[in-house]
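The structure appears below as structure tokens.
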Amino acid sequence: RFVPSDSFDNDNMILNTLLVGSDSLSKSERGRSDSMILITIDAHHHKIKVTSLMRDLWVPIPQHGHSKLNAAYSYGGIDLLKSVIKSVLGVKIDRYVIVNFEKFKQVIDKLGGIDLELSKKEVAYVNANVSGEHLEGSGKMHLNGEQALQFARDRNDPSADFKRTERQRDVISAIIK
């Protein structure tokens, strides 16, 4: 049975937190939302659900016509992005976290790095885009912040953004572990 999303607006057993990865290079610019991941804590079913929102999703943005979902953040910040997500996907955002590239790297480094499975192709991409330490081989690897950022941003895959969002979810899972 389908339950309209409005019934979840006041449900204190479901908490939606939007994780926004901003491509901003400085504090003075907002940038676009390079990644958007919805983390839902569903106390009804005792589950945590992680859902990637495709940044290239073509959506109506108030006062801006139609554009990619990630443009909503650059046009109007987190409030406009939350509003667009609510109107298009029917999902109310209860909380949010915004992290730019530098903060992302700092979080990973403060954790002492993360462990992930990388293919030879992914290792080659990471190595081509980091200025520091390079990875060797493939398989289970220990990544520092800069390496993890490049891994998460890798767009060199035939499945385009689908594989990229999978890598981002893998990073989130590794951080949680």
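Going through the structure tokens in order, the chains are called A, B, and so on, while each chain numbers its residues from 1 and the ligands are numbered from 1 in the order shown.
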If you run DSSP over the backbone, which residues in chain A end up alpha helix (DSSP H)? Put them as a ChimeraX atom specification. /A:69-89,101-110,120-129,145-153,161-176
Selection: 8 Å around A:Lys105, only C-alpha atoms, excl. self and same-chain fewer than 4 positions, as a VMD selection string: chain A and resid 101 109 144 to 146 148 to 149
Could you pull the residues within 12 Å of stretch 60-77 of chain A, counting only C-alpha atoms, minus those fewer than 3 positions along the same chain, as a compact mmCIF listing (two decimals) with all heavy atoms, in the first residue's frame?
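Output saved as out-v3.txt:
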```txt
# COMPACT_ATOMS: atom_id res chain seq x y z
N VAL A 20 25.71 16.92 2.19
CA VAL A 20 26.03 17.65 0.96
C VAL A 20 27.54 17.81 0.87
O VAL A 20 28.16 18.36 1.78
CB VAL A 20 25.35 19.05 0.95
CG1 VAL A 20 25.76 19.83 -0.28
CG2 VAL A 20 23.85 18.92 1.03
N GLY A 21 28.10 17.33 -0.22
CA GLY A 21 29.51 17.55 -0.51
C GLY A 21 29.60 18.70 -1.49
O GLY A 21 29.22 18.57 -2.65
N SER A 22 30.06 19.84 -1.01
CA SER A 22 30.15 21.04 -1.83
C SER A 22 31.48 21.09 -2.56
O SER A 22 32.52 20.75 -2.00
CB SER A 22 30.01 22.28 -0.94
OG SER A 22 30.39 23.44 -1.64
N ASP A 23 31.44 21.54 -3.83
CA ASP A 23 32.69 21.68 -4.58
C ASP A 23 33.31 23.06 -4.40
O ASP A 23 34.21 23.44 -5.14
CB ASP A 23 32.49 21.34 -6.06
CG ASP A 23 31.56 22.31 -6.78
OD1 ASP A 23 31.11 23.30 -6.18
OD2 ASP A 23 31.27 22.07 -7.97
N SER A 24 32.86 23.77 -3.40
CA SER A 24 33.39 25.10 -3.09
C SER A 24 34.89 25.03 -2.77
O SER A 24 35.33 24.15 -2.04
CB SER A 24 32.64 25.67 -1.89
OG SER A 24 33.34 26.73 -1.32
N GLU A 29 32.61 31.41 -1.52
CA GLU A 29 31.71 30.90 -2.56
C GLU A 29 30.99 29.66 -2.07
O GLU A 29 31.53 28.88 -1.31
CB GLU A 29 32.48 30.60 -3.86
CG GLU A 29 33.26 29.31 -3.83
CD GLU A 29 33.77 28.86 -5.19
OE1 GLU A 29 33.06 28.97 -6.18
OE2 GLU A 29 34.90 28.39 -5.22
N ARG A 30 29.75 29.51 -2.51
CA ARG A 30 28.93 28.38 -2.08
C ARG A 30 29.25 27.14 -2.91
O ARG A 30 29.27 26.04 -2.39
CB ARG A 30 27.46 28.74 -2.23
CG ARG A 30 26.53 27.69 -1.70
CD ARG A 30 25.07 28.09 -1.78
NE ARG A 30 24.81 29.29 -1.04
CZ ARG A 30 24.11 30.32 -1.50
NH1 ARG A 30 23.59 30.28 -2.68
NH2 ARG A 30 23.92 31.38 -0.75
N GLY A 31 29.47 27.31 -4.20
CA GLY A 31 29.72 26.18 -5.07
C GLY A 31 28.45 25.40 -5.35
O GLY A 31 27.35 25.83 -5.02
N ARG A 32 28.61 24.26 -5.97
CA ARG A 32 27.48 23.36 -6.24
C ARG A 32 27.57 22.18 -5.29
O ARG A 32 28.59 21.92 -4.68
CB ARG A 32 27.53 22.87 -7.69
CG ARG A 32 27.23 23.95 -8.69
CD ARG A 32 27.27 23.38 -10.10
NE ARG A 32 26.99 24.44 -11.04
CZ ARG A 32 25.90 24.48 -11.81
NH1 ARG A 32 25.03 23.52 -11.76
NH2 ARG A 32 25.70 25.48 -12.63
N SER A 33 26.48 21.45 -5.22
CA SER A 33 26.50 20.24 -4.40
C SER A 33 27.04 19.11 -5.26
O SER A 33 26.32 18.56 -6.08
CB SER A 33 25.10 19.93 -3.85
OG SER A 33 24.13 20.03 -4.85
N ASP A 34 28.32 18.82 -5.10
CA ASP A 34 29.00 17.79 -5.88
C ASP A 34 28.44 16.41 -5.57
O ASP A 34 28.43 15.53 -6.42
CB ASP A 34 30.50 17.85 -5.59
CG ASP A 34 31.31 17.03 -6.57
OD1 ASP A 34 31.25 17.31 -7.78
OD2 ASP A 34 32.01 16.09 -6.13
N SER A 35 28.00 16.22 -4.35
CA SER A 35 27.34 14.97 -3.98
C SER A 35 26.25 15.28 -2.95
O SER A 35 26.36 16.22 -2.17
CB SER A 35 28.33 13.95 -3.41
OG SER A 35 28.85 14.40 -2.18
N MET A 36 25.19 14.49 -3.00
CA MET A 36 24.07 14.61 -2.06
C MET A 36 23.66 13.21 -1.66
O MET A 36 23.27 12.41 -2.51
CB MET A 36 22.89 15.34 -2.73
CG MET A 36 23.19 16.78 -3.10
SD MET A 36 22.03 17.44 -4.31
CE MET A 36 22.61 16.65 -5.80
N ILE A 37 23.80 12.93 -0.39
CA ILE A 37 23.46 11.61 0.12
C ILE A 37 22.47 11.78 1.26
O ILE A 37 22.72 12.54 2.20
CB ILE A 37 24.72 10.85 0.60
CG1 ILE A 37 25.66 10.63 -0.59
CG2 ILE A 37 24.34 9.54 1.27
CD1 ILE A 37 26.98 10.00 -0.23
N LEU A 53 21.42 10.93 -4.14
CA LEU A 53 20.58 11.74 -5.01
C LEU A 53 21.43 12.12 -6.21
O LEU A 53 22.51 12.71 -6.04
CB LEU A 53 20.07 12.98 -4.27
CG LEU A 53 19.31 12.71 -2.97
CD1 LEU A 53 18.86 14.03 -2.34
CD2 LEU A 53 18.13 11.79 -3.21
N MET A 54 20.98 11.78 -7.38
CA MET A 54 21.76 12.02 -8.59
C MET A 54 21.86 13.52 -8.86
O MET A 54 20.85 14.21 -8.99
CB MET A 54 21.14 11.30 -9.78
CG MET A 54 21.02 9.80 -9.57
SD MET A 54 22.59 9.00 -9.18
CE MET A 54 23.07 8.54 -10.82
N ARG A 55 23.06 14.02 -8.93
CA ARG A 55 23.28 15.46 -9.09
C ARG A 55 22.81 15.97 -10.44
O ARG A 55 22.47 17.14 -10.57
CB ARG A 55 24.74 15.80 -8.84
CG ARG A 55 25.69 15.08 -9.73
CD ARG A 55 27.14 15.22 -9.29
NE ARG A 55 27.97 14.93 -10.43
CZ ARG A 55 28.35 15.83 -11.30
NH1 ARG A 55 28.04 17.07 -11.16
NH2 ARG A 55 29.07 15.49 -12.34
N ASP A 56 22.75 15.11 -11.45
CA ASP A 56 22.32 15.53 -12.78
C ASP A 56 20.81 15.38 -13.01
O ASP A 56 20.34 15.57 -14.12
CB ASP A 56 23.07 14.72 -13.85
CG ASP A 56 24.54 15.13 -13.94
OD1 ASP A 56 24.89 16.20 -13.42
OD2 ASP A 56 25.32 14.38 -14.54
N LEU A 57 20.07 15.05 -11.97
CA LEU A 57 18.62 14.94 -12.08
C LEU A 57 18.05 16.29 -12.52
O LEU A 57 18.32 17.32 -11.89
CB LEU A 57 18.04 14.52 -10.72
CG LEU A 57 16.55 14.24 -10.64
CD1 LEU A 57 16.19 13.04 -11.51
CD2 LEU A 57 16.16 13.98 -9.19
N LEU A 80 17.11 26.24 -0.38
CA LEU A 80 16.54 25.97 -1.70
C LEU A 80 16.71 24.50 -2.07
O LEU A 80 15.78 23.88 -2.59
CB LEU A 80 17.16 26.87 -2.77
CG LEU A 80 16.59 26.71 -4.18
CD1 LEU A 80 15.08 26.95 -4.20
CD2 LEU A 80 17.31 27.64 -5.15
N LEU A 81 17.86 23.93 -1.78
CA LEU A 81 18.08 22.51 -2.08
C LEU A 81 17.08 21.64 -1.33
O LEU A 81 16.46 20.74 -1.91
CB LEU A 81 19.52 22.10 -1.75
CG LEU A 81 19.88 20.63 -1.99
CD1 LEU A 81 19.66 20.24 -3.45
CD2 LEU A 81 21.32 20.37 -1.57
N LYS A 82 16.88 21.90 -0.04
CA LYS A 82 15.91 21.13 0.74
C LYS A 82 14.50 21.29 0.17
O LYS A 82 13.75 20.31 0.09
CB LYS A 82 15.93 21.59 2.21
CG LYS A 82 17.15 21.15 2.98
CD LYS A 82 17.28 21.76 4.36
CE LYS A 82 16.03 22.06 5.09
NZ LYS A 82 16.23 22.67 6.42
N SER A 83 14.15 22.49 -0.23
CA SER A 83 12.83 22.76 -0.80
C SER A 83 12.61 22.00 -2.11
O SER A 83 11.55 21.41 -2.33
CB SER A 83 12.67 24.26 -1.03
OG SER A 83 11.49 24.54 -1.71
N VAL A 84 13.63 21.99 -2.97
CA VAL A 84 13.53 21.27 -4.24
C VAL A 84 13.41 19.77 -4.00
O VAL A 84 12.58 19.09 -4.61
CB VAL A 84 14.72 21.61 -5.17
CG1 VAL A 84 14.75 20.70 -6.38
CG2 VAL A 84 14.66 23.07 -5.59
N ILE A 85 14.20 19.24 -3.09
CA ILE A 85 14.13 17.80 -2.77
C ILE A 85 12.73 17.45 -2.25
O ILE A 85 12.14 16.45 -2.65
CB ILE A 85 15.22 17.40 -1.76
CG1 ILE A 85 16.60 17.47 -2.43
CG2 ILE A 85 14.96 16.01 -1.18
CD1 ILE A 85 17.77 17.35 -1.48
N LYS A 86 12.18 18.29 -1.39
CA LYS A 86 10.84 18.06 -0.85
C LYS A 86 9.80 18.09 -1.97
O LYS A 86 8.94 17.21 -2.05
CB LYS A 86 10.52 19.11 0.22
CG LYS A 86 9.10 19.08 0.73
CD LYS A 86 8.81 17.85 1.54
CE LYS A 86 7.40 17.97 2.14
NZ LYS A 86 6.80 16.71 2.40
N SER A 87 9.90 19.10 -2.86
CA SER A 87 8.86 19.23 -3.89
C SER A 87 8.98 18.16 -4.97
O SER A 87 7.97 17.68 -5.47
CB SER A 87 8.88 20.62 -4.51
OG SER A 87 10.03 20.82 -5.28
N VAL A 88 10.17 17.75 -5.32
CA VAL A 88 10.36 16.78 -6.40
C VAL A 88 10.29 15.34 -5.90
O VAL A 88 9.67 14.49 -6.54
CB VAL A 88 11.71 17.03 -7.12
CG1 VAL A 88 12.02 15.94 -8.11
CG2 VAL A 88 11.70 18.38 -7.80
N LEU A 89 10.92 15.06 -4.78
CA LEU A 89 11.01 13.69 -4.29
C LEU A 89 10.07 13.38 -3.13
O LEU A 89 9.94 12.23 -2.73
CB LEU A 89 12.45 13.37 -3.89
CG LEU A 89 13.50 13.56 -5.00
CD1 LEU A 89 14.90 13.35 -4.46
CD2 LEU A 89 13.21 12.61 -6.16
N TYR A 96 20.92 18.51 8.17
CA TYR A 96 21.87 18.47 7.06
C TYR A 96 23.28 18.71 7.55
O TYR A 96 23.50 19.28 8.62
CB TYR A 96 21.50 19.50 5.98
CG TYR A 96 21.57 20.93 6.46
CD1 TYR A 96 22.76 21.66 6.38
CD2 TYR A 96 20.45 21.56 6.99
CE1 TYR A 96 22.82 22.96 6.83
CE2 TYR A 96 20.51 22.86 7.44
CZ TYR A 96 21.70 23.56 7.36
OH TYR A 96 21.76 24.85 7.81
N ILE A 98 27.03 19.95 5.66
CA ILE A 98 27.69 20.41 4.43
C ILE A 98 29.20 20.32 4.65
O ILE A 98 29.72 20.81 5.64
CB ILE A 98 27.31 21.86 4.10
CG1 ILE A 98 25.80 21.99 3.94
CG2 ILE A 98 28.04 22.33 2.84
CD1 ILE A 98 25.30 23.42 3.87
```
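When the distance limit is 9 Å and only C-alpha atoms are what count, the residues near A:Ala174, minus those fewer than 2 positions from it on the same chain, are Ile114, Asp115, Leu116, Arg169, Asp170, Val171, Ile172, Ile176 and Lys177 of chain A.
Look at A:Leu38: the protein and nucleic acid residues within 7 Å of it, using only C-alpha atoms and passing over chain neighbours fewer than 4 places away, are Asn16, Thr17, Leu18, Leu19, Val50, Thr51 and Ser52 of chain A.
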